[in-house]
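Enquirer: Contents are CSV, C-alpha atoms; file name my_file-v8.csv:
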chain,number,residue,atom,x,y,z
A,1,MET,CA,-20.1,-77.2,57.1
A,2,PRO,CA,-17.6,-75.5,54.8
A,3,SER,CA,-17.1,-71.8,55.1
A,4,PRO,CA,-18.5,-69.8,52.1
A,5,LEU,CA,-16.1,-68.6,49.4
A,6,VAL,CA,-16.9,-64.9,50.2
A,7,GLU,CA,-17.4,-63.5,53.6
A,8,PHE,CA,-20.5,-61.2,53.5
A,9,SER,CA,-24.0,-61.1,54.6
A,10,LEU,CA,-26.4,-62.9,52.2
A,11,ASP,CA,-28.7,-59.9,52.5
A,12,GLU,CA,-25.9,-57.8,50.9
A,13,ARG,CA,-25.3,-60.1,48.0
A,14,HIS,CA,-26.3,-58.7,44.6
A,15,PRO,CA,-29.1,-60.9,43.2
A,16,HIS,CA,-27.0,-61.6,40.0
A,17,HIS,CA,-23.9,-62.6,42.0
A,18,ILE,CA,-24.0,-66.3,41.6
A,19,ALA,CA,-20.4,-67.6,41.7
A,20,GLU,CA,-16.7,-67.1,42.2
A,21,VAL,CA,-13.8,-67.8,39.8
A,22,ILE,CA,-11.7,-70.8,41.1
A,23,GLU,CA,-9.7,-71.4,38.0
A,24,THR,CA,-8.9,-69.0,35.2
A,25,SER,CA,-7.2,-69.1,31.7
A,26,THR,CA,-6.9,-67.0,28.6
A,27,THR,CA,-10.0,-68.6,27.0
A,28,GLY,CA,-12.3,-69.2,29.9
A,29,PHE,CA,-12.7,-69.8,33.6
A,30,LEU,CA,-14.1,-72.3,36.1
A,31,ALA,CA,-16.5,-70.9,38.7
A,32,GLN,CA,-18.0,-72.3,41.9
A,33,CYS,CA,-21.6,-71.4,42.7
A,34,LEU,CA,-22.1,-69.6,46.0
A,35,GLU,CA,-24.1,-71.3,48.7
A,36,PRO,CA,-27.8,-70.4,48.5
A,37,GLU,CA,-29.6,-68.7,51.4
A,38,GLU,CA,-32.0,-71.6,51.8
A,39,LEU,CA,-31.2,-75.2,52.5
A,40,THR,CA,-31.1,-76.3,48.8
A,41,PHE,CA,-28.6,-76.9,46.0
A,42,PRO,CA,-27.0,-73.9,44.4
A,43,ILE,CA,-28.7,-72.8,41.2
A,44,MET,CA,-26.9,-74.2,38.2
A,45,PRO,CA,-26.7,-71.6,35.4
A,46,ALA,CA,-28.2,-72.7,32.2
A,47,PHE,CA,-26.1,-74.1,29.3
A,48,GLY,CA,-25.6,-71.2,26.9
A,49,SER,CA,-26.4,-68.5,29.5
A,50,TRP,CA,-24.4,-65.3,29.7
A,51,VAL,CA,-22.2,-64.4,32.7
A,52,LYS,CA,-19.6,-61.7,33.4
A,53,ALA,CA,-16.6,-61.1,35.7
A,54,THR,CA,-14.0,-58.3,36.0
A,55,ASP,CA,-10.3,-58.1,35.3
A,56,GLU,CA,-9.5,-55.9,38.3
A,57,ASP,CA,-6.2,-54.7,36.8
A,58,SER,CA,-7.7,-53.2,33.7
A,59,GLY,CA,-11.2,-52.7,34.8
A,60,ASN,CA,-12.5,-54.7,31.8
A,61,THR,CA,-15.8,-56.5,32.1
A,62,ILE,CA,-15.3,-60.0,30.7
A,63,PHE,CA,-18.3,-61.6,29.0
A,64,ALA,CA,-18.6,-65.4,28.8
A,65,VAL,CA,-21.0,-68.1,27.9
A,66,VAL,CA,-21.7,-71.1,30.2
A,67,SER,CA,-20.4,-74.2,28.3
A,68,TYR,CA,-20.6,-76.9,31.0
A,69,ALA,CA,-21.9,-77.3,34.5
A,70,THR,CA,-21.8,-80.0,37.2
A,71,THR,CA,-22.9,-80.7,40.7
A,72,MET,CA,-20.6,-83.2,42.6
A,73,PRO,CA,-19.4,-84.1,46.1
A,74,ILE,CA,-16.8,-81.9,47.6
A,75,ASP,CA,-15.0,-85.1,48.7
A,76,SER,CA,-13.5,-86.5,45.5
A,77,ILE,CA,-13.1,-89.9,47.2
A,78,HIS,CA,-16.7,-90.7,48.0
A,79,ARG,CA,-19.4,-90.6,45.2
A,80,ALA,CA,-22.9,-89.5,45.9
A,81,ARG,CA,-25.4,-92.4,46.1
A,82,ALA,CA,-29.1,-92.6,45.4
A,83,LEU,CA,-31.2,-92.2,48.6
A,84,GLY,CA,-34.7,-92.4,47.1
A,85,LEU,CA,-35.7,-89.2,48.9
A,86,SER,CA,-37.5,-86.0,47.6
A,87,LEU,CA,-35.8,-82.6,48.0
A,88,GLY,CA,-38.1,-81.9,51.0
A,89,GLU,CA,-37.3,-85.3,52.6
A,90,LEU,CA,-33.6,-84.6,52.1
A,91,ARG,CA,-34.0,-81.3,54.0
A,92,GLU,CA,-35.6,-83.1,56.9
A,93,GLN,CA,-33.6,-86.3,57.0
A,94,GLN,CA,-30.2,-85.6,55.4
A,95,PRO,CA,-29.6,-81.8,55.7
A,96,GLN,CA,-25.8,-82.3,55.7
A,97,ILE,CA,-26.1,-83.5,52.1
A,98,PHE,CA,-26.3,-79.8,50.9
A,99,ALA,CA,-23.0,-79.0,52.6
A,100,MET,CA,-21.3,-82.0,51.0
A,101,LEU,CA,-22.0,-81.0,47.4
A,102,THR,CA,-20.6,-78.2,45.1
A,103,THR,CA,-21.9,-76.8,41.8
A,104,GLU,CA,-19.3,-75.6,39.3
A,105,PHE,CA,-19.5,-74.4,35.7
A,106,GLN,CA,-17.1,-73.6,32.9
A,107,ALA,CA,-17.5,-70.3,31.0
A,108,ALA,CA,-16.0,-69.7,27.6
A,109,ILE,CA,-14.9,-66.0,27.2
A,110,VAL,CA,-16.4,-64.4,24.2
A,111,GLY,CA,-15.4,-60.7,24.6
A,112,PHE,CA,-15.1,-57.8,26.9
A,113,GLN,CA,-16.1,-54.2,27.5
A,114,THR,CA,-13.6,-51.5,28.5
A,115,GLN,CA,-14.1,-49.0,31.4
A,116,GLU,CA,-13.9,-45.3,30.7
A,117,SER,CA,-14.0,-42.2,32.9
A,118,GLY,CA,-17.3,-40.4,33.2
A,119,PRO,CA,-18.0,-36.8,32.4
A,120,ASN,CA,-15.6,-34.4,34.2
A,121,GLY,CA,-13.8,-37.4,35.6
A,122,ARG,CA,-16.8,-38.6,37.6
A,123,GLY,CA,-16.4,-42.3,38.1
A,124,PRO,CA,-16.1,-45.1,35.6
A,125,ILE,CA,-18.7,-45.8,32.9
A,126,PRO,CA,-19.0,-48.7,30.4
A,127,GLY,CA,-16.9,-48.2,27.3
A,128,ARG,CA,-16.5,-50.0,24.0
A,129,VAL,CA,-17.5,-53.6,23.4
A,130,PHE,CA,-15.0,-56.0,21.7
A,131,HIS,CA,-15.9,-59.4,20.3
A,132,TYR,CA,-12.5,-61.1,20.9
A,133,LEU,CA,-10.4,-62.4,23.8
A,134,PRO,CA,-9.4,-59.8,26.3
A,135,PRO,CA,-5.7,-59.2,27.2
A,136,ARG,CA,-6.3,-61.0,30.5
A,137,PRO,CA,-9.1,-63.1,31.9
A,138,PRO,CA,-10.7,-62.3,35.3
A,139,GLN,CA,-8.5,-63.1,38.3
A,140,ILE,CA,-9.1,-66.0,40.6
A,141,HIS,CA,-11.6,-65.4,43.4
A,142,GLN,CA,-13.3,-62.7,41.3
A,143,ALA,CA,-17.1,-62.5,41.6
A,144,VAL,CA,-19.2,-63.9,38.7
A,145,PHE,CA,-22.5,-62.3,37.8
A,146,GLN,CA,-25.4,-63.3,35.5
A,147,CYS,CA,-25.6,-60.7,32.8
A,148,ASP,CA,-28.8,-58.7,32.7
A,149,ARG,CA,-31.0,-58.3,29.6
A,150,GLN,CA,-29.5,-54.9,28.6
A,151,GLU,CA,-25.9,-56.2,28.8
A,152,VAL,CA,-26.7,-59.2,26.6
A,153,MET,CA,-28.6,-57.1,24.1
A,154,GLU,CA,-25.8,-54.5,23.8
A,155,PHE,CA,-23.1,-57.2,23.5
A,156,THR,CA,-25.0,-59.0,20.8
A,157,ASN,CA,-26.1,-56.1,18.7
A,158,SER,CA,-23.3,-57.0,16.3
A,159,PRO,CA,-23.2,-60.7,15.1
A,160,ASP,CA,-19.4,-60.6,15.4
A,161,PHE,CA,-19.6,-62.6,18.7
A,162,LEU,CA,-20.5,-65.7,16.6
A,163,ARG,CA,-16.9,-66.1,15.3
A,164,ILE,CA,-15.4,-66.6,18.7
A,165,LEU,CA,-18.2,-69.0,19.7
A,166,LEU,CA,-17.4,-71.1,16.7
A,167,GLN,CA,-13.8,-71.3,17.9
A,168,ILE,CA,-14.6,-73.0,21.2
A,169,THR,CA,-13.2,-76.5,21.3
A,170,ASP,CA,-14.0,-77.9,24.7
A,171,ALA,CA,-17.8,-78.0,24.3
A,172,PRO,CA,-20.4,-79.2,21.8
A,173,VAL,CA,-20.1,-76.0,19.9
A,174,ASP,CA,-23.2,-76.3,17.7
A,175,ALA,CA,-25.4,-77.0,20.7
A,176,LEU,CA,-23.7,-74.2,22.6
A,177,ILE,CA,-24.3,-71.6,19.8
A,178,ALA,CA,-27.9,-72.7,19.6
A,179,ALA,CA,-28.4,-72.4,23.3
A,180,ALA,CA,-26.7,-68.9,23.4
A,181,LEU,CA,-28.8,-67.7,20.5
A,182,ARG,CA,-32.0,-69.1,22.0
A,183,GLU,CA,-31.4,-67.1,25.2
A,184,ILE,CA,-30.7,-63.9,23.3
A,185,TYR,CA,-33.7,-64.4,21.1
A,186,LEU,CA,-35.9,-64.8,24.2
A,187,LEU,CA,-34.4,-61.7,25.8
A,188,ARG,CA,-35.1,-59.8,22.5
A,189,GLN,CA,-38.7,-61.0,22.7
A,190,GLY,CA,-38.6,-62.8,19.4
A,191,ASP,CA,-36.9,-60.1,17.3
A,192,ARG,CA,-37.1,-61.8,13.9
A,193,ALA,CA,-35.0,-59.1,12.1
A,194,TRP,CA,-32.1,-59.7,14.5
A,195,LEU,CA,-32.4,-63.5,14.1
A,196,VAL,CA,-32.3,-63.2,10.3
A,197,THR,CA,-29.2,-61.0,10.5
A,198,VAL,CA,-27.5,-63.5,12.8
A,199,GLY,CA,-28.5,-66.4,10.5
A,200,ARG,CA,-27.0,-64.7,7.4
A,201,HIS,CA,-23.7,-64.0,9.3
A,202,LEU,CA,-23.6,-67.5,10.7
A,203,SER,CA,-24.1,-68.9,7.1
A,204,LEU,CA,-21.0,-67.0,6.0
A,205,LEU,CA,-18.9,-68.2,8.9
A,206,LEU,CA,-20.0,-71.8,8.3
A,207,LYS,CA,-19.1,-71.4,4.6
A,208,ASP,CA,-22.6,-72.2,3.4
A,209,ASP,CA,-22.8,-75.5,5.3
A,210,TYR,CA,-26.6,-75.3,5.2
A,211,ASP,CA,-27.2,-78.6,7.0
A,212,ARG,CA,-25.2,-77.4,10.0
A,213,LEU,CA,-26.9,-73.9,9.8
A,214,ARG,CA,-30.4,-75.4,9.8
A,215,HIS,CA,-29.5,-77.7,12.7
A,216,ILE,CA,-28.4,-74.7,14.8
A,217,LEU,CA,-31.2,-72.3,13.9
A,218,GLY,CA,-33.8,-75.1,14.2
A,219,GLN,CA,-33.1,-75.0,18.0
A,220,VAL,CA,-33.7,-71.3,18.3
A,221,HIS,CA,-37.3,-70.5,19.2
A,222,PHE,CA,-39.3,-67.9,21.1
Can you dump the structure from the file as structure tokens?
Expert:
Amino acid sequence: MPSPLVEFSLDERHPHHIAEVIETSTTGFLAQCLEPEELTFPIMPAFGSWVKATDEDSGNTIFAVVSYATTMPIDSIHRARALGLSLGELREQQPQIFAMLTTEFQAAIVGFQTQESGPNGRGPIPGRVFHYLPPRPPQIHQAVFQCDRQEVMEFTNSPDFLRILLQITDAPVDALIAAALREIYLLRQGDRAWLVTVGRHLSLLLKDDYDRLRHILGQVHF
């Protein structure tokens, strides 16, 4: 069985700590999901969900949206084959299967938050949010966390994040925007005023392409 990417007790893992950066670039990163505590497959983050990692040099928190995910064999030579077994039967009859597969996902960077000193120099606190690419992406082997509700809401208070989402080229961008907006809308518990503001801003960015706008917003529901 392969050794885990990070050496720590599973009891000590933060519940939102889901993966580790294994490739990194200016516009995004590839992350490998950590092995789950139970004998099962790693949880694949949802398309359009929000994750974060840290640039250790600057202390910036890098925000990204999951644009692609896959589960595949660790051995690139042998493909997985259909076994006709349920998940429970796999655990009983083929438990080694779980050690032979890996789940990875691509995350497109959409902005970052700086780190500032607290009052009287007491520890770092979250600083300003910027809706453009950071000076550097997270380093390789950095932890990747699912963003919590407050972080997503704060980052998306301004609709400016939509511009960088529209610039993504290695994913079905309209579907990705719709998925990201749908998750935010759910976290905001169906805040209609926020969705109207986002829709107006997106209309301007799409240069009044109403068919495309309707297609995107038609996928956003509570």
Enquirer: So that I can check the surroundings of region 130-134 of chain A, please list as a list in words every protein, DNA and RNA residue that reaches within 8 Å of it, counting all atoms listed in the file and ignoring chain neighbours fewer than 2 positions away.
Expert: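 Those residues are Thr26, Thr27, Ile62, Ile109, Val110, Gly111, Phe112, Gln113, Arg128, Arg136, Pro137, Asp160, Phe161 and Ile164 of chain A.
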Enquirer: If we count all atoms listed in the file, what is near Ala108 (chain A) at a cut-off of 12 Å, once residues fewer than 3 positions away on the same chain are taken out, given as a PyMOL selection string?
Expert: chain A and resi 24-31+47-53+62-69+105+111-112+132-134+137-138+161+164-173+176-177+180
Enquirer: Go through A:Arg214, A:Arg79, A:His17, A:His141 one by one, measure the shortest atom-to-atom distance of each to Pro42 (chain A) using only C-alpha atoms, and give the residue with the smallest value.
Expert: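 Under the stated criterion, the closest residue is A:His17.
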Enquirer: Need to verify the contact set: Val220 (chain A), 12 Å, all atoms listed in the file, exclusion of same-chain residues closer than 5 positions in sequence. Can you return it as a PyMOL selection string?
Expert: chain A and resi 48+174-186+190-192+195-196+198-199+213-215
Enquirer: CA of Asp55 (chain A) and CA of Gln139 (chain A), how far apart in Å?
Expert: 6.1 Å
Enquirer: Out of A:Ser58, A:Gln150, A:Ser158, A:Gln189, which residue has the shortest atom-to-atom distance to Leu202 (chain A) when counting all atoms listed in the file?
Expert: A:Ser158
Enquirer: With distances taken over all atoms listed in the file, which residue among A:Ser76, A:Gln146, A:Gln96, A:Asn60 lies nearest Cys33 (chain A)?
Expert: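 With all atoms listed in the file as the atom set, the closest residue is A:Gln146.
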Enquirer: Which residue gives the smallest distance to Phe155 (chain A) among A:Thr197, A:Pro73, A:Val129, A:Arg91, with all atoms listed in the file counted?
Expert: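 Of A:Thr197, A:Pro73, A:Val129, A:Arg91, the one nearest Phe155 (chain A) is A:Val129, counting all atoms listed in the file.
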Enquirer: So what do you get for CA of Glu12 (chain A) versus CA of Thr70 (chain A), distance-wise?
Expert: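 Separation between CA of Glu12 (chain A) and CA of Thr70 (chain A): 26.4 Å.
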Enquirer: Please report the interatomic distance between CA of Ala19 (chain A) and CA of Leu90 (chain A) in Å with one decimal.
Expert: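 It comes out at 23.9 Å.
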Enquirer: Which one of A:Glu20, A:Glu37, A:Glu116, A:Glu104 sits closest to Met72 (chain A) if you count all atoms listed in the file?
Expert: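 Using all atoms listed in the file, Met72 (chain A) sits closest to A:Glu104.
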Enquirer: Counting only C-alpha atoms, note down every residue that has an atom within 8 Å of the point (-31.0, -80.4, 47.1) (file coordinates), as a CSV table (one decimal) with C-alpha atoms, keeping the file's coordinate frame.
Expert:
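The resulting file, point_14.csv, is reproduced below:
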chain,number,residue,atom,x,y,z
A,39,LEU,CA,-31.2,-75.2,52.5
A,40,THR,CA,-31.1,-76.3,48.8
A,41,PHE,CA,-28.6,-76.9,46.0
A,87,LEU,CA,-35.8,-82.6,48.0
A,90,LEU,CA,-33.6,-84.6,52.1
A,91,ARG,CA,-34.0,-81.3,54.0
A,97,ILE,CA,-26.1,-83.5,52.1
A,98,PHE,CA,-26.3,-79.8,50.9
